[in-house]
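Student: There's a structure below that I have some questions on.
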Amino acid sequence: MQQHIQMISKYLDSALAEKGWEKIAETLQEVHFKEGDTPIREGYYHNYAYIILQGGARSYYWKDDKEVITWFAFENDVVASLQNYNNKPALETVSFLENSHCLKIDLHKLHSFSQTDIATCHLINTIFEEHITFLEERLRLLQHNAGIERYLYILEKEPALLNRIPLTYLASYLGITRETLSRLRARITF
């Protein structure tokens, strides 16, 4: 477990990292998921979050019998339902895209420790801030840009997605059909 301190410490204030690590380490356990495993399901409570050490996952919800993909997570990303942290059912489903190695975080313990431990509280706040920033950027991208601009954004900012996810998932993530994505890809030459 010691080798994961550096990765998680990016979420901790350096002055608090050493002192707070012991409490946070009590909430962690290494786990493995196979491609297709779905630990978090829309409408259900799940008491864990995950930090991906190796692998990838996607989050989605169902609308009109279609999956709407909201985000992808890969190495060093946190996978969780914020609703679950607040003891509410998840609003989305999280499924692993590939065989993955993760750190499992017990949300109940983490929440309990955050009531009295400043390092744990800082960890949670930093993760929430990172996720809120991502959601704000994602919302802006979807609401203010046409499909081609969204695709160009992915090419510029997240090109690794193109190698790690099926085009059907990418189209859903961009809020366009698979056919529209194919037309956009054909128009863009490098």
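Identifiers for the structure tokens are assigned positionally: chains receive A, B, ... in sequence, residues are indexed from 1 per chain, and ligands are indexed from 1 in the order shown.
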List the neighbours of Leu139 of chain A out to 12 Å using only C-alpha atoms; skip same-chain residues closer than 2 positions along the sequence, and give me the result as a PyMOL selection string.
Tutor: chain A and resi 70-71+132-137+141-145+150+173-175
Student: Please, could you write that set of residues out with C-alpha atoms as a short mmCIF file (atom, residue, chain, number, x, y, z; two decimals), in the first residue's frame?
Tutor:
```cif
data_model
loop_
_atom_site.label_atom_id
_atom_site.label_comp_id
_atom_site.auth_asym_id
_atom_site.auth_seq_id
_atom_site.Cartn_x
_atom_site.Cartn_y
_atom_site.Cartn_z
CA THR A 70 -20.98 11.21 -18.94
CA TRP A 71 -17.29 10.53 -18.33
CA ILE A 132 -16.55 20.02 -10.22
CA THR A 133 -13.99 21.67 -12.51
CA PHE A 134 -14.26 18.73 -14.92
CA LEU A 135 -18.07 18.89 -14.88
CA GLU A 136 -18.08 22.64 -15.48
CA GLU A 137 -15.76 22.25 -18.50
CA LEU A 141 -18.28 21.99 -24.08
CA LEU A 142 -21.65 20.31 -24.63
CA GLN A 143 -23.78 23.45 -24.41
CA HIS A 144 -21.64 25.90 -26.37
CA ASN A 145 -20.05 23.84 -29.14
CA ARG A 150 -16.47 18.78 -29.46
CA TYR A 173 -19.78 11.08 -24.81
CA LEU A 174 -19.78 13.83 -27.46
CA GLY A 175 -23.59 13.88 -27.56
#
```
Student: DSSP says strand (DSSP E) for which residues of segment 39-121 of chain A? Put them as a PyMOL selection string?
Tutor: chain A and resi 48-54+57-63+66-73+78-79+93-96+100-106
Student: One decimal, Å: what's the distance from atom CA of Ile24 of chain A over to atom CA of Tyr50 of chain A, could you say?
Tutor: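 The value is 13.2 Å.
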Student: I'd like the neighbourhood of segment 103-115 of chain A as a ChimeraX atom specification, where a residue qualifies if any of its atoms comes within 9 Å (using only C-alpha atoms), though same-chain residues fewer than 5 positions away should be ignored.
Tutor: /A:4,23-32,46-53,84-87,120-124
Student: For the residues selected in the previous step, produce a file with N, CA and C atoms as a compact mmCIF listing (two decimals), in the first residue's frame.
Tutor:
```txt
# COMPACT_ATOMS: atom_id res chain seq x y z
N HIS A 4 1.39 3.57 -3.04
CA HIS A 4 0.30 4.41 -3.54
C HIS A 4 0.21 5.76 -2.83
N LYS A 23 -4.81 7.66 8.61
CA LYS A 23 -6.28 7.56 8.64
C LYS A 23 -6.81 7.16 7.27
N ILE A 24 -6.30 7.82 6.24
CA ILE A 24 -6.78 7.55 4.89
C ILE A 24 -6.45 6.12 4.48
N ALA A 25 -5.27 5.64 4.85
CA ALA A 25 -4.85 4.27 4.51
C ALA A 25 -5.81 3.24 5.09
N GLU A 26 -6.45 3.56 6.22
CA GLU A 26 -7.42 2.64 6.83
C GLU A 26 -8.65 2.43 5.95
N THR A 27 -8.89 3.33 5.01
CA THR A 27 -10.07 3.23 4.16
C THR A 27 -9.78 2.51 2.85
N LEU A 28 -8.51 2.13 2.60
CA LEU A 28 -8.10 1.61 1.30
C LEU A 28 -7.91 0.10 1.26
N GLN A 29 -8.19 -0.45 0.08
CA GLN A 29 -7.95 -1.87 -0.17
C GLN A 29 -7.72 -2.02 -1.68
N GLU A 30 -6.74 -2.83 -2.07
CA GLU A 30 -6.50 -3.07 -3.49
C GLU A 30 -7.53 -4.07 -4.01
N VAL A 31 -8.08 -3.78 -5.20
CA VAL A 31 -9.06 -4.67 -5.83
C VAL A 31 -8.80 -4.72 -7.34
N HIS A 32 -9.33 -5.76 -7.97
CA HIS A 32 -9.22 -5.92 -9.41
C HIS A 32 -10.62 -6.08 -10.00
N HIS A 46 -23.89 2.44 -3.19
CA HIS A 46 -22.63 1.69 -3.19
C HIS A 46 -21.66 2.41 -2.26
N ASN A 47 -21.11 1.74 -1.30
CA ASN A 47 -20.32 2.38 -0.25
C ASN A 47 -18.84 2.58 -0.60
N TYR A 48 -18.47 2.49 -1.87
CA TYR A 48 -17.06 2.58 -2.21
C TYR A 48 -16.81 3.53 -3.39
N ALA A 49 -15.64 4.11 -3.37
CA ALA A 49 -15.10 4.84 -4.51
C ALA A 49 -13.81 4.11 -4.89
N TYR A 50 -13.28 4.41 -6.06
CA TYR A 50 -12.09 3.71 -6.53
C TYR A 50 -11.11 4.70 -7.15
N ILE A 51 -9.84 4.45 -6.94
CA ILE A 51 -8.80 5.18 -7.66
C ILE A 51 -8.19 4.15 -8.61
N ILE A 52 -8.22 4.45 -9.90
CA ILE A 52 -7.71 3.51 -10.89
C ILE A 52 -6.18 3.58 -10.93
N LEU A 53 -5.55 2.47 -10.64
CA LEU A 53 -4.09 2.36 -10.74
C LEU A 53 -3.69 1.96 -12.16
N ASN A 84 -23.58 8.67 -3.81
CA ASN A 84 -23.29 7.62 -2.84
C ASN A 84 -22.54 8.18 -1.64
N TYR A 85 -21.65 9.14 -1.87
CA TYR A 85 -20.92 9.74 -0.76
C TYR A 85 -21.90 10.40 0.21
N ASN A 86 -23.00 10.90 -0.32
CA ASN A 86 -24.04 11.56 0.50
C ASN A 86 -25.14 10.59 0.91
N ASN A 87 -24.84 9.28 0.89
CA ASN A 87 -25.78 8.23 1.29
C ASN A 87 -27.06 8.22 0.47
N THR A 120 -8.06 14.25 5.93
CA THR A 120 -9.11 13.53 5.22
C THR A 120 -10.11 14.51 4.61
N CYS A 121 -10.46 15.52 5.35
CA CYS A 121 -11.37 16.55 4.84
C CYS A 121 -10.75 17.25 3.63
N HIS A 122 -9.48 17.54 3.70
CA HIS A 122 -8.77 18.17 2.57
C HIS A 122 -8.77 17.24 1.35
N LEU A 123 -8.54 15.96 1.57
CA LEU A 123 -8.56 14.99 0.48
C LEU A 123 -9.91 15.02 -0.23
N ILE A 124 -10.98 14.94 0.52
CA ILE A 124 -12.32 14.93 -0.06
C ILE A 124 -12.59 16.23 -0.81
```
Student: Among chain A, which ones does DSSP assign to alpha helix (DSSP H) (computed from the backbone)? Answer as a ChimeraX atom specification.
Tutor: /A:5-9,14-25,82-85,107-114,118-144,147-157,161-164,167-174,178-187
Student: Would you compute the distance between atom CA of Glu130 of chain A and atom CA of Asn163 of chain A? Give it in Å to one decimal.
Tutor: 24.1 Å
Student: Can you pull out every residue within 10 Å of segment 179-184 of chain A, counting only C-alpha atoms, but drop anything in the same chain fewer than 3 positions away, and send it as a PDB file with N, CA and C atoms, in the first residue's frame?
Tutor:
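Okay, this is what ended up in around.pdb:
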```
ATOM      1  N   GLY A 147     -20.971  19.647 -32.756  1.00  0.00           N
ATOM      2  CA  GLY A 147     -20.345  18.326 -32.722  1.00  0.00           C
ATOM      3  C   GLY A 147     -18.907  18.330 -33.196  1.00  0.00           C
ATOM      4  N   ILE A 148     -18.613  19.055 -34.266  1.00  0.00           N
ATOM      5  CA  ILE A 148     -17.245  19.072 -34.787  1.00  0.00           C
ATOM      6  C   ILE A 148     -16.285  19.724 -33.804  1.00  0.00           C
ATOM      7  N   GLU A 149     -16.736  20.770 -33.119  1.00  0.00           N
ATOM      8  CA  GLU A 149     -15.891  21.427 -32.117  1.00  0.00           C
ATOM      9  C   GLU A 149     -15.645  20.507 -30.933  1.00  0.00           C
ATOM     10  N   TYR A 151     -15.554  17.227 -31.069  1.00  0.00           N
ATOM     11  CA  TYR A 151     -14.610  16.219 -31.536  1.00  0.00           C
ATOM     12  C   TYR A 151     -13.195  16.786 -31.603  1.00  0.00           C
ATOM     13  N   LEU A 152     -13.047  17.993 -32.115  1.00  0.00           N
ATOM     14  CA  LEU A 152     -11.726  18.626 -32.186  1.00  0.00           C
ATOM     15  C   LEU A 152     -11.149  18.837 -30.790  1.00  0.00           C
ATOM     16  N   LEU A 167     -15.778   3.648 -30.718  1.00  0.00           N
ATOM     17  CA  LEU A 167     -16.361   4.861 -31.316  1.00  0.00           C
ATOM     18  C   LEU A 167     -17.807   5.093 -30.870  1.00  0.00           C
ATOM     19  N   THR A 168     -18.548   4.027 -30.614  1.00  0.00           N
ATOM     20  CA  THR A 168     -19.922   4.185 -30.132  1.00  0.00           C
ATOM     21  C   THR A 168     -19.936   4.927 -28.800  1.00  0.00           C
ATOM     22  N   LEU A 170     -17.533   6.954 -27.726  1.00  0.00           N
ATOM     23  CA  LEU A 170     -17.070   8.322 -27.973  1.00  0.00           C
ATOM     24  C   LEU A 170     -18.214   9.181 -28.502  1.00  0.00           C
ATOM     25  N   ALA A 171     -18.999   8.646 -29.414  1.00  0.00           N
ATOM     26  CA  ALA A 171     -20.145   9.394 -29.956  1.00  0.00           C
ATOM     27  C   ALA A 171     -21.115   9.772 -28.837  1.00  0.00           C
ATOM     28  N   SER A 172     -21.421   8.830 -27.967  1.00  0.00           N
ATOM     29  CA  SER A 172     -22.323   9.113 -26.851  1.00  0.00           C
ATOM     30  C   SER A 172     -21.740  10.193 -25.945  1.00  0.00           C
ATOM     31  N   LEU A 174     -19.738  12.537 -26.762  1.00  0.00           N
ATOM     32  CA  LEU A 174     -19.779  13.825 -27.460  1.00  0.00           C
ATOM     33  C   LEU A 174     -21.204  14.321 -27.691  1.00  0.00           C
ATOM     34  N   GLY A 175     -22.192  13.479 -27.393  1.00  0.00           N
ATOM     35  CA  GLY A 175     -23.585  13.882 -27.564  1.00  0.00           C
ATOM     36  C   GLY A 175     -24.027  13.887 -29.021  1.00  0.00           C
ATOM     37  N   ILE A 176     -23.427  12.973 -29.836  1.00  0.00           N
ATOM     38  CA  ILE A 176     -23.784  12.869 -31.243  1.00  0.00           C
ATOM     39  C   ILE A 176     -23.983  11.396 -31.580  1.00  0.00           C
ATOM     40  N   ARG A 187     -14.170  14.013 -42.448  1.00  0.00           N
ATOM     41  CA  ARG A 187     -13.903  15.399 -42.884  1.00  0.00           C
ATOM     42  C   ARG A 187     -12.578  15.918 -42.397  1.00  0.00           C
ATOM     43  N   ILE A 188     -12.110  15.384 -41.283  1.00  0.00           N
ATOM     44  CA  ILE A 188     -10.890  15.900 -40.678  1.00  0.00           C
ATOM     45  C   ILE A 188      -9.706  15.069 -41.141  1.00  0.00           C
ATOM     46  N   THR A 189      -8.772  15.708 -41.791  1.00  0.00           N
ATOM     47  CA  THR A 189      -7.559  15.028 -42.236  1.00  0.00           C
ATOM     48  C   THR A 189      -6.352  15.665 -41.585  1.00  0.00           C
TER      49      THR A 189
END
```
Student: To one decimal place in Å, what is the distance between atom CA of Asp65 of chain A and atom CA of Val79 of chain A?
Tutor: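 Between atom CA of Asp65 of chain A and atom CA of Val79 of chain A the gap is 24.0 Å.
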Student: At a cut-off of 10 Å, using only C-alpha atoms, what residues contact Leu82 of chain A? Leave out same-chain residues fewer than 5 positions from it and give the result as a PyMOL selection string.
Tutor: chain A and resi 49+87-92+128+131
Student: Excluding Thr38 of chain A and residues on its chain fewer than 3 positions from it, collect all residues at most 10 Å away from it, counting only C-alpha atoms, and give them as a PDB file with C-alpha atoms, in the first residue's frame.
Tutor:
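Result file result05.pdb:
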```pdb
ATOM      1  CA  PHE A  33     -12.068  -5.627 -11.899  1.00  0.00           C
ATOM      2  CA  LYS A  34     -12.591  -7.414 -15.184  1.00  0.00           C
ATOM      3  CA  GLU A  35     -13.756  -5.681 -18.339  1.00  0.00           C
ATOM      4  CA  ARG A  41     -25.389   0.973 -10.599  1.00  0.00           C
ATOM      5  CA  ALA A  57     -13.993   2.887 -16.652  1.00  0.00           C
ATOM      6  CA  ARG A  58     -16.990   4.767 -17.996  1.00  0.00           C
ATOM      7  CA  SER A  59     -19.996   6.347 -16.366  1.00  0.00           C
ATOM      8  CA  THR A  93     -23.773   3.415 -13.644  1.00  0.00           C
ATOM      9  CA  VAL A  94     -20.019   2.838 -13.653  1.00  0.00           C
ATOM     10  CA  SER A  95     -18.659  -0.023 -15.737  1.00  0.00           C
ATOM     11  CA  PHE A  96     -15.035  -0.996 -16.340  1.00  0.00           C
ATOM     12  CA  LEU A  97     -13.840  -0.746 -19.947  1.00  0.00           C
TER      13      LEU A  97
END
```
